[in-house]
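S.K.: If you scroll down you'll find the structure; I have some questions about it.
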Amino acid sequence: MTTANPESPATPSNFLRDAVAEDVRTRKYGDAQIQTRFPPEPNGYLHIGHAKAICINFGLADEFGGKTNLRFDDTNPEKEEQEYVDAIQHDIRWLGFDWERLCFASDYFPQLYEWALQLIRAGNAYVDDLSADEIRQYRGTLTEPGKDSPYRNRAVEENLDLFVRMKKGEFPDGSRVLRAKIDMASPNLNMRDPVMYRILHATHHRTGDEWCIYPMYDFAHGQSDSIEHVTHSMCSLEFADHQPLYKWYIAQLGIFPSQQIEFDRLSLTYTLLSKRKLLQLVQEKRVNGWDDPRMPTLSGFRRRGFTPEAIRAFVNTAGVSRTNGIVDIEMLEHFQRDDLNHRAARAMAVLHPLKVVIDNYPADQVEYVDVANNPEDPAAGTRQVPFSREIYIEHDDFREVPPPKYYRLSPGKEVRLRNAYFITAQSVVKDAAGNVIEVHCTYDPASRGGNSPDGRKVKSTMHWVSAAHAIAAEIRLYDKLFTRPDPGEVEEGKTFLDNLNPDSLEIVTDAKLEPSLAASKPGDRFQFERVGYFCLDPDSTPDSTPRKLVFNRTLALKDTWARIEKKSGV
């Protein structure tokens, strides 16, 4: 990534950037570099909300000449897997960032254990035999103080003995915990003797069975930041109430004073970003895996054909705030259309083919029309597209009895074939059920290239594919996964699953494509003219004969957000 000048007036400002700039100006950390971190838990795939945290942490460190660590918060062995570790690394690099150091909270288990012993010796932690339900009951409420555990005043020696035995595996899961001794009357519930360690006899994806006690997030996170000398630990707003505890642990241990700064989460309409609910969709096979193109995961967006450049531009424009809000998903789609408009190669594809026979075109003739690969990018060059007597057009581009203001092909109506000729419909062929299965036309040989020498105008230009040269493809038309702008809102007796869109995927099995698409590779992006943006899916078979091609629709061409933006003056 390119390093920006922190003082450049062209760099948009926000309270996170201002805080970092002020710390650099005052040399809060002396000569130390700005150090940030991105700390995902490897219990699922990254989603679009994580993209915001990634861009903030990596972007600010890069802007101020600092560094960013990727640290996996792997303190919950029952939910974490190596698959997620690998996927997260791949997604971060795909988004355009790389880390200074790859770290794991599990790297610090020995040090965290020693710090826990330090807090016990100082009288700031104790082993508690209360059950999880009893701890919740003793904690109190927002309006009532908590009650001291009957085990709160155990002697230091007894706490040390019990904690060491916890580590040795002498006690069953849930029988004891280690708690910080802070203030059971604190107005902040997080400060009411929070749990630091729990007993969990589970195999860890990295440490195996070496440990049977695991630190809680609040105990592991701040200390991990401190070990890595993280200067700015930026996290989402739900951790704001945890900041006093973050500071308390660091102060009691006398370690490097990392600081936590909170910002708003990225939320989108028609989208759920709960990893628990996304996992449920995967496990119940409501979607076809974490990278299903309907999923809000980065792998899902990538498979659908979204670009990292568009996602970064969207995140940067959405900005940061100290209050949570929700962003219209059409804003993200607008940035993606704009990006693909400039980078995607053009091609012609007919999703619902109707055969057209040009009766006065020579039966054995094939000619090639020169077509721009991308009108937005002259450097993209041109390609040769075959044209012949029989072609395919979209079924919707013909009406035997046209409705009012229907300007496409109908009996006696002349239209333009893009980059080819003017044609006029003369007659139709129908099947036994009365459906039109073939249209016979004539063409004007003088209109080659789509222009009439006598200057006559037509009101419709249509795409087409030569029938003799067309290649078959499966097209997957994706739509929003949920039917409601806030899919988490449910009626009584229902769940978020009731808001799933039953029409979020339509599969077209007999599309006809121009032959240049035969050489496409998975991940290649195209604008199918007049249809939308598409990406070749990995389900395509590279070596079969004929080759199976599967294209995912990234987005339709319609851009609602652009109109909203223009109307509102955004």
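Scheme for the structure tokens: letters A, B, ... for chains in order shown; per-chain residue numbers from 1; ligand numbers from 1 in order shown.
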Near Asn188 in chain A, counting only C-alpha atoms, which residues have an atom at most 10 Å away, once you skip same-chain residues fewer than 2 positions from it, shown as a VMD selection string?
M.R.: chain A and resid 141 to 142 145 183 to 186 190 to 192 241 to 242 244 to 245
S.K.: Only all heavy atoms, please: the residues just picked out, written as a compact mmCIF listing (two decimals), in the first residue's frame.
M.R.:
# COMPACT_ATOMS: atom_id res chain seq x y z
N THR A 141 -27.50 -6.01 38.89
CA THR A 141 -28.08 -5.43 37.68
C THR A 141 -27.53 -4.02 37.48
O THR A 141 -26.71 -3.54 38.27
CB THR A 141 -29.61 -5.37 37.78
OG1 THR A 141 -29.97 -4.43 38.80
CG2 THR A 141 -30.19 -6.74 38.11
N LEU A 142 -28.04 -3.35 36.43
CA LEU A 142 -27.61 -1.99 36.17
C LEU A 142 -28.04 -1.04 37.29
O LEU A 142 -27.44 0.02 37.48
CB LEU A 142 -28.17 -1.51 34.82
CG LEU A 142 -27.58 -2.18 33.57
CD1 LEU A 142 -28.36 -1.76 32.34
CD2 LEU A 142 -26.11 -1.84 33.42
N PRO A 145 -26.34 -3.15 42.99
CA PRO A 145 -24.96 -3.64 43.08
C PRO A 145 -24.92 -5.15 43.21
O PRO A 145 -25.92 -5.79 43.59
CB PRO A 145 -24.43 -2.96 44.34
CG PRO A 145 -25.65 -2.72 45.18
CD PRO A 145 -26.74 -2.43 44.21
N ASP A 183 -14.51 -4.60 41.98
CA ASP A 183 -15.53 -3.84 42.72
C ASP A 183 -16.91 -4.37 42.33
O ASP A 183 -17.40 -4.06 41.25
CB ASP A 183 -15.42 -2.35 42.39
CG ASP A 183 -16.42 -1.49 43.15
OD1 ASP A 183 -17.15 -2.04 43.99
OD2 ASP A 183 -16.46 -0.27 42.88
N MET A 184 -17.54 -5.11 43.24
CA MET A 184 -18.85 -5.67 42.96
C MET A 184 -19.96 -4.63 42.98
O MET A 184 -21.10 -4.93 42.64
CB MET A 184 -19.17 -6.80 43.94
CG MET A 184 -18.33 -8.06 43.74
SD MET A 184 -18.50 -8.77 42.07
CE MET A 184 -20.22 -9.27 42.10
N ALA A 185 -19.64 -3.41 43.36
CA ALA A 185 -20.64 -2.33 43.36
C ALA A 185 -20.41 -1.34 42.22
O ALA A 185 -21.10 -0.32 42.15
CB ALA A 185 -20.61 -1.61 44.70
N SER A 186 -19.48 -1.63 41.35
CA SER A 186 -19.17 -0.71 40.26
C SER A 186 -20.40 -0.51 39.36
O SER A 186 -21.13 -1.47 39.07
CB SER A 186 -18.02 -1.25 39.41
OG SER A 186 -17.85 -0.47 38.25
N ASN A 190 -18.88 -4.74 33.85
CA ASN A 190 -17.65 -5.42 33.45
C ASN A 190 -16.59 -5.37 34.53
O ASN A 190 -15.64 -6.17 34.51
CB ASN A 190 -17.10 -4.78 32.17
CG ASN A 190 -18.01 -4.96 30.99
OD1 ASN A 190 -18.19 -6.07 30.49
ND2 ASN A 190 -18.62 -3.87 30.53
N MET A 191 -16.73 -4.45 35.48
CA MET A 191 -15.75 -4.32 36.55
C MET A 191 -16.14 -5.10 37.80
O MET A 191 -15.44 -5.08 38.81
CB MET A 191 -15.58 -2.84 36.91
CG MET A 191 -15.10 -1.96 35.76
SD MET A 191 -13.45 -2.42 35.17
CE MET A 191 -12.43 -1.73 36.48
N ARG A 192 -17.26 -5.77 37.77
CA ARG A 192 -17.70 -6.55 38.92
C ARG A 192 -17.07 -7.94 38.90
O ARG A 192 -17.67 -8.93 38.51
CB ARG A 192 -19.23 -6.63 38.96
CG ARG A 192 -19.90 -5.26 39.17
CD ARG A 192 -21.41 -5.37 39.26
NE ARG A 192 -22.02 -4.04 39.32
CZ ARG A 192 -23.32 -3.80 39.37
NH1 ARG A 192 -24.18 -4.83 39.36
NH2 ARG A 192 -23.79 -2.57 39.41
N ASP A 241 -17.55 -0.16 26.93
CA ASP A 241 -17.74 -0.42 28.37
C ASP A 241 -16.66 -1.34 28.92
O ASP A 241 -16.53 -1.48 30.15
CB ASP A 241 -19.11 -1.04 28.62
CG ASP A 241 -20.24 -0.03 28.43
OD1 ASP A 241 -19.95 1.18 28.46
OD2 ASP A 241 -21.40 -0.47 28.24
N HIS A 242 -15.89 -1.95 28.04
CA HIS A 242 -14.80 -2.82 28.48
C HIS A 242 -13.49 -2.05 28.66
O HIS A 242 -12.53 -2.60 29.20
CB HIS A 242 -14.59 -3.96 27.48
CG HIS A 242 -15.76 -4.88 27.34
ND1 HIS A 242 -15.73 -6.20 27.74
CD2 HIS A 242 -17.01 -4.67 26.84
CE1 HIS A 242 -16.89 -6.77 27.48
NE2 HIS A 242 -17.69 -5.85 26.94
N PRO A 244 -12.51 0.42 30.68
CA PRO A 244 -11.96 0.53 32.04
C PRO A 244 -11.27 -0.75 32.50
O PRO A 244 -10.24 -0.69 33.19
CB PRO A 244 -13.20 0.83 32.89
CG PRO A 244 -14.13 1.52 31.95
CD PRO A 244 -13.93 0.82 30.63
N LEU A 245 -11.81 -1.90 32.12
CA LEU A 245 -11.18 -3.17 32.50
C LEU A 245 -9.88 -3.36 31.73
O LEU A 245 -8.88 -3.84 32.30
CB LEU A 245 -12.15 -4.31 32.22
CG LEU A 245 -11.66 -5.72 32.58
CD1 LEU A 245 -11.29 -5.81 34.05
CD2 LEU A 245 -12.75 -6.76 32.23
S.K.: May I have the residues within 9 Å of Ala472 in chain A as a PyMOL selection string, using only C-alpha atoms and disregarding those fewer than 6 positions away in the same chain?
M.R.: chain A and resi 509-513+546-549
S.K.: Could you write out the selected residues, including N, CA and C atoms, as a CSV table (one decimal), in the first residue's frame?
M.R.:
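This went into result.csv:
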chain,number,residue,atom,x,y,z
A,509,THR,N,-29.9,-22.4,-17.2
A,509,THR,CA,-29.1,-23.5,-17.6
A,509,THR,C,-28.7,-23.5,-19.1
A,510,ASP,N,-29.3,-22.7,-19.9
A,510,ASP,CA,-29.1,-22.8,-21.3
A,510,ASP,C,-28.8,-21.4,-21.9
A,511,ALA,N,-27.9,-20.6,-21.3
A,511,ALA,CA,-27.5,-19.3,-21.8
A,511,ALA,C,-26.6,-19.6,-23.0
A,512,LYS,N,-26.6,-18.6,-23.9
A,512,LYS,CA,-25.7,-18.6,-25.1
A,512,LYS,C,-24.8,-17.5,-25.0
A,513,LEU,N,-23.4,-17.7,-25.2
A,513,LEU,CA,-22.4,-16.7,-25.0
A,513,LEU,C,-21.6,-16.6,-26.3
A,546,PRO,N,-17.6,-30.7,-24.0
A,546,PRO,CA,-17.3,-29.2,-24.0
A,546,PRO,C,-17.1,-28.8,-22.5
A,547,ARG,N,-16.4,-27.7,-22.4
A,547,ARG,CA,-16.1,-27.1,-21.1
A,547,ARG,C,-17.4,-26.6,-20.5
A,548,LYS,N,-17.6,-26.9,-19.2
A,548,LYS,CA,-18.7,-26.3,-18.5
A,548,LYS,C,-18.4,-24.9,-18.0
A,549,LEU,N,-19.1,-23.9,-18.3
A,549,LEU,CA,-18.9,-22.6,-17.9
A,549,LEU,C,-20.1,-22.2,-16.9
S.K.: Step one, run DSSP on the backbone; step two, keep only residues of range 103-216 of chain A assigned to strand (DSSP E); then write them as a list in words.
M.R.: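 These are the residues in question: Cys103, Phe104, Ala125, Tyr126, Val127, Asp128, Val177, Leu178, Arg179, Ala180, Val195, Met196, Tyr197, Arg198, Ile199, Ile213, Tyr214 and Pro215 of chain A.
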S.K.: So which residues touch Lys277 in chain A within 12 Å, counting only C-alpha atoms, skipping near sequence neighbours fewer than 2 positions away, as a PyMOL selection string?
M.R.: chain A and resi 44+271-275+279-284+286-287+290+295-296+487-488+495-497
S.K.: Using only C-alpha atoms, please write the residues we just selected to a file, as an mmCIF file, in the first residue's frame.
M.R.:
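Contents of the output file out.cif:
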data_model
loop_
_atom_site.group_PDB
_atom_site.id
_atom_site.type_symbol
_atom_site.label_atom_id
_atom_site.label_comp_id
_atom_site.auth_asym_id
_atom_site.auth_seq_id
_atom_site.Cartn_x
_atom_site.Cartn_y
_atom_site.Cartn_z
ATOM 1 C CA GLY A 44 -15.720 -18.119 11.006
ATOM 2 C CA THR A 271 -27.526 -8.071 5.584
ATOM 3 C CA LEU A 272 -26.745 -10.007 8.762
ATOM 4 C CA LEU A 273 -23.192 -9.899 10.093
ATOM 5 C CA SER A 274 -23.545 -12.145 13.137
ATOM 6 C CA LYS A 275 -21.001 -14.935 12.739
ATOM 7 C CA LEU A 279 -22.556 -20.246 10.729
ATOM 8 C CA GLN A 280 -26.141 -21.431 11.209
ATOM 9 C CA LEU A 281 -26.895 -20.658 7.556
ATOM 10 C CA VAL A 282 -23.865 -22.727 6.523
ATOM 11 C CA GLN A 283 -24.514 -25.640 8.876
ATOM 12 C CA GLU A 284 -28.188 -25.884 7.929
ATOM 13 C CA ARG A 286 -29.419 -22.594 3.678
ATOM 14 C CA VAL A 287 -26.466 -21.415 1.589
ATOM 15 C CA TRP A 290 -19.135 -19.574 3.605
ATOM 16 C CA MET A 295 -23.173 -14.403 1.865
ATOM 17 C CA PRO A 296 -21.750 -11.101 3.214
ATOM 18 C CA PRO A 487 -33.402 -9.110 8.629
ATOM 19 C CA GLY A 488 -32.766 -9.312 12.368
ATOM 20 C CA THR A 495 -36.621 -16.217 13.579
ATOM 21 C CA PHE A 496 -34.321 -14.455 11.148
ATOM 22 C CA LEU A 497 -34.622 -17.553 8.928
#
S.K.: CA of Asn501 in chain A and CA of Leu477 in chain A are how many Å apart?
M.R.: 13.2 Å
S.K.: Env of Asn499 in chain A: 12 Å cut, atoms = only C-alpha atoms, seq-sep filter 5 positions within chain, self excluded. Answer as a list in words.
M.R.: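 Close residues of Asn499 in chain A: Tyr270, Thr271, Leu272, Lys480, Leu481, Phe482, Thr483, Arg484, Pro485, Asp486, Pro487, Gly488, Glu489, Val490, Glu491, Lys494 and Ser504 of chain A.
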S.K.: Report the closest atom pair, with its distance in Å rounded to one decimal, for each residue of range 298-329 of chain A that has an atom no farther than 7 Å from range 255-269 of chain A; count only C-alpha atoms, sort by chain and then rising residue number, and write it as JSON lines.
M.R.:
{"residue": "A:Val320", "atom": "CA", "partner": "A:Asp264", "partner_atom": "CA", "distance": 6.3}
{"residue": "A:Ser321", "atom": "CA", "partner": "A:Asp264", "partner_atom": "CA", "distance": 5.4}
{"residue": "A:Arg322", "atom": "CA", "partner": "A:Phe263", "partner_atom": "CA", "distance": 5.3}
{"residue": "A:Thr323", "atom": "CA", "partner": "A:Asp264", "partner_atom": "CA", "distance": 5.6}
{"residue": "A:Asn324", "atom": "CA", "partner": "A:Asp264", "partner_atom": "CA", "distance": 4.9}
{"residue": "A:Gly325", "atom": "CA", "partner": "A:Ser267", "partner_atom": "CA", "distance": 6.8}
{"residue": "A:Ile326", "atom": "CA", "partner": "A:Ser267", "partner_atom": "CA", "distance": 4.8}
{"residue": "A:Val327", "atom": "CA", "partner": "A:Leu268", "partner_atom": "CA", "distance": 4.8}
{"residue": "A:Asp328", "atom": "CA", "partner": "A:Thr269", "partner_atom": "CA", "distance": 5.3}
{"residue": "A:Ile329", "atom": "CA", "partner": "A:Leu268", "partner_atom": "CA", "distance": 5.4}
S.K.: Would you mind listing what lies within 9 Å of Arg337 in chain A as a ChimeraX atom specification, with only C-alpha atoms counted and same-chain residues fewer than 5 positions away left out?
M.R.: /A:310,332,342,533,555-559
S.K.: Fewer than 2 positions away in the same chain doesn't count, so skip those; otherwise give me all residues within 12 Å of Gly254 in chain A, counting only C-alpha atoms, as a ChimeraX atom specification.
M.R.: /A:115,118-119,223,226-227,247-252,256-258
S.K.: Just all heavy atoms for this one: save the residues we selected as a CSV table (one decimal), in the first residue's frame.
M.R.:
chain,number,residue,atom,x,y,z
A,115,TRP,N,1.1,-13.8,34.4
A,115,TRP,CA,0.4,-12.5,34.9
A,115,TRP,C,-0.8,-12.8,35.8
A,115,TRP,O,-1.0,-12.0,36.7
A,115,TRP,CB,0.0,-11.7,33.7
A,115,TRP,CG,1.2,-10.9,33.1
A,115,TRP,CD1,2.3,-10.5,33.8
A,115,TRP,CD2,1.3,-10.4,31.8
A,115,TRP,NE1,3.1,-9.8,32.9
A,115,TRP,CE2,2.5,-9.7,31.7
A,115,TRP,CE3,0.5,-10.5,30.6
A,115,TRP,CZ2,3.0,-9.1,30.5
A,115,TRP,CZ3,1.0,-9.8,29.5
A,115,TRP,CH2,2.2,-9.2,29.4
A,118,GLN,N,0.6,-13.4,39.1
A,118,GLN,CA,1.0,-12.1,39.6
A,118,GLN,C,-0.2,-11.4,40.3
A,118,GLN,O,-0.1,-10.8,41.4
A,118,GLN,CB,1.6,-11.2,38.5
A,118,GLN,CG,2.1,-9.8,39.0
A,118,GLN,CD,2.7,-9.0,37.9
A,118,GLN,OE1,3.2,-9.5,36.9
A,118,GLN,NE2,2.6,-7.7,38.0
A,119,LEU,N,-1.3,-11.4,39.6
A,119,LEU,CA,-2.5,-10.7,40.2
A,119,LEU,C,-3.0,-11.5,41.4
A,119,LEU,O,-3.5,-10.8,42.4
A,119,LEU,CB,-3.6,-10.7,39.1
A,119,LEU,CG,-3.4,-9.7,37.9
A,119,LEU,CD1,-4.5,-9.8,36.9
A,119,LEU,CD2,-3.3,-8.3,38.4
A,223,GLN,N,-3.7,-7.5,27.2
A,223,GLN,CA,-2.3,-7.9,27.5
A,223,GLN,C,-1.6,-8.4,26.2
A,223,GLN,O,-0.4,-8.1,26.1
A,223,GLN,CB,-2.3,-9.1,28.5
A,223,GLN,CG,-2.6,-8.7,30.0
A,223,GLN,CD,-4.0,-8.1,30.1
A,223,GLN,OE1,-4.3,-6.9,30.0
A,223,GLN,NE2,-4.9,-9.1,30.3
A,226,SER,N,-0.5,-5.2,24.7
A,226,SER,CA,0.7,-4.7,25.5
A,226,SER,C,2.0,-5.5,25.1
A,226,SER,O,3.0,-4.9,24.9
A,226,SER,CB,0.5,-4.8,27.0
A,226,SER,OG,1.5,-4.2,27.7
A,227,ILE,N,1.9,-6.8,25.0
A,227,ILE,CA,3.1,-7.6,24.6
A,227,ILE,C,3.6,-7.2,23.2
A,227,ILE,O,4.8,-7.1,23.0
A,227,ILE,CB,2.7,-9.1,24.5
A,227,ILE,CG1,2.4,-9.6,26.0
A,227,ILE,CG2,3.8,-9.9,23.8
A,227,ILE,CD1,1.9,-11.0,26.0
A,247,LYS,N,-7.9,-1.1,30.8
A,247,LYS,CA,-6.9,-0.2,31.4
A,247,LYS,C,-6.5,-0.8,32.8
A,247,LYS,O,-5.3,-0.7,33.2
A,247,LYS,CB,-7.4,1.2,31.6
A,247,LYS,CG,-7.6,2.0,30.3
A,247,LYS,CD,-8.1,3.4,30.5
A,247,LYS,CE,-8.3,4.2,29.2
A,247,LYS,NZ,-8.8,5.5,29.5
A,248,TRP,N,-7.5,-1.3,33.5
A,248,TRP,CA,-7.2,-1.8,34.9
A,248,TRP,C,-6.2,-3.0,34.9
A,248,TRP,O,-5.2,-3.0,35.7
A,248,TRP,CB,-8.5,-2.3,35.5
A,248,TRP,CG,-8.4,-2.7,37.0
A,248,TRP,CD1,-8.5,-1.9,38.1
A,248,TRP,CD2,-8.1,-4.1,37.5
A,248,TRP,NE1,-8.3,-2.7,39.2
A,248,TRP,CE2,-8.1,-4.0,38.9
A,248,TRP,CE3,-7.9,-5.3,36.9
A,248,TRP,CZ2,-7.8,-5.1,39.7
A,248,TRP,CZ3,-7.6,-6.4,37.7
A,248,TRP,CH2,-7.6,-6.3,39.1
A,249,TYR,N,-6.3,-3.9,34.0
A,249,TYR,CA,-5.4,-5.0,33.9
A,249,TYR,C,-4.0,-4.5,33.6
A,249,TYR,O,-3.0,-4.9,34.2
A,249,TYR,CB,-5.8,-6.0,32.8
A,249,TYR,CG,-6.9,-6.9,33.2
A,249,TYR,CD1,-8.0,-7.1,32.3
A,249,TYR,CD2,-6.8,-7.7,34.3
A,249,TYR,CE1,-9.0,-8.0,32.7
A,249,TYR,CE2,-7.8,-8.6,34.7
A,249,TYR,CZ,-8.9,-8.7,33.8
A,249,TYR,OH,-9.9,-9.6,34.2
A,250,ILE,N,-3.9,-3.6,32.6
A,250,ILE,CA,-2.6,-3.0,32.2
A,250,ILE,C,-1.9,-2.3,33.4
A,250,ILE,O,-0.7,-2.4,33.7
A,250,ILE,CB,-2.7,-2.1,31.0
A,250,ILE,CG1,-2.9,-3.0,29.7
A,250,ILE,CG2,-1.5,-1.2,30.8
A,250,ILE,CD1,-3.2,-2.2,28.5
A,251,ALA,N,-2.7,-1.5,34.1
A,251,ALA,CA,-2.2,-0.7,35.2
A,251,ALA,C,-1.7,-1.7,36.4
A,251,ALA,O,-0.7,-1.4,37.0
A,251,ALA,CB,-3.3,0.2,35.7
A,252,GLN,N,-2.5,-2.7,36.7
A,252,GLN,CA,-2.2,-3.6,37.8
A,252,GLN,C,-0.9,-4.4,37.5
A,252,GLN,O,-0.1,-4.7,38.4
A,252,GLN,CB,-3.4,-4.5,38.1
A,252,GLN,CG,-4.6,-3.9,38.6
A,252,GLN,CD,-4.4,-3.1,39.8
A,252,GLN,OE1,-3.8,-3.5,40.8
A,252,GLN,NE2,-4.9,-1.8,39.9
A,256,PHE,N,3.3,-2.4,29.2
A,256,PHE,CA,3.2,-1.3,28.2
A,256,PHE,C,1.8,-0.8,28.1
A,256,PHE,O,0.8,-1.6,27.9
A,256,PHE,CB,3.6,-1.9,26.8
A,256,PHE,CG,3.6,-0.9,25.7
A,256,PHE,CD1,4.7,0.0,25.5
A,256,PHE,CD2,2.5,-0.8,24.8
A,256,PHE,CE1,4.6,0.9,24.5
A,256,PHE,CE2,2.5,0.1,23.8
A,256,PHE,CZ,3.5,1.0,23.6
A,257,PRO,N,1.6,0.5,28.1
A,257,PRO,CA,0.2,1.1,28.1
A,257,PRO,C,-0.5,1.3,26.8
A,257,PRO,O,-0.6,2.4,26.3
A,257,PRO,CB,0.5,2.5,28.8
A,257,PRO,CG,1.9,2.8,28.3
A,257,PRO,CD,2.6,1.5,28.2
A,258,SER,N,-0.8,0.1,26.2
A,258,SER,CA,-1.6,0.2,25.0
A,258,SER,C,-2.9,1.0,25.3
A,258,SER,O,-3.4,1.0,26.4
A,258,SER,CB,-2.0,-1.2,24.5
A,258,SER,OG,-0.8,-1.9,24.1
S.K.: Could you pull out the alpha helix (DSSP H) residues of range 86-326 of chain A, going by DSSP on the backbone, and write them as a ChimeraX atom specification?
M.R.: /A:86-95,109-121,132-139,156-168,217-227,243-253,275-283,298-304,308-318
S.K.: Which of these residues is nearest to Gly300 in chain A, using only C-alpha atoms: A:Asn288, A:Arg179, A:Glu238, A:Glu80?
M.R.: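 Closest to Gly300 in chain A, using only C-alpha atoms: A:Asn288.
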S.K.: Could you check which of A:Arg27, A:His205, A:Arg553, A:Lys79 is closest to Leu351 in chain A, using only C-alpha atoms?
M.R.: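 Of all the options, A:Arg553 lies closest to Leu351 in chain A.
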S.K.: Have a look at CA of Val195 in chain A and CA of Lys181 in chain A and let me know their distance in Å, one decimal.
M.R.: 9.5 Å
S.K.: Using only C-alpha atoms, which residues sit within 12 Å of Ser233 in chain A once same-chain residues fewer than 5 positions away are excluded, as a PyMOL selection string?
M.R.: chain A and resi 16+19-20+34-39+53+56-58+60-61+68-69+71+221-226+228+239-240+243+246-247+257-263
S.K.: Calculated over only C-alpha atoms, which of the candidates A:Thr554, A:Ser460, A:Gln527, A:Ser299 has the smallest distance to Trp94 in chain A?
M.R.: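 Going through A:Thr554, A:Ser460, A:Gln527, A:Ser299 one by one, the smallest distance to Trp94 in chain A is for A:Ser299.
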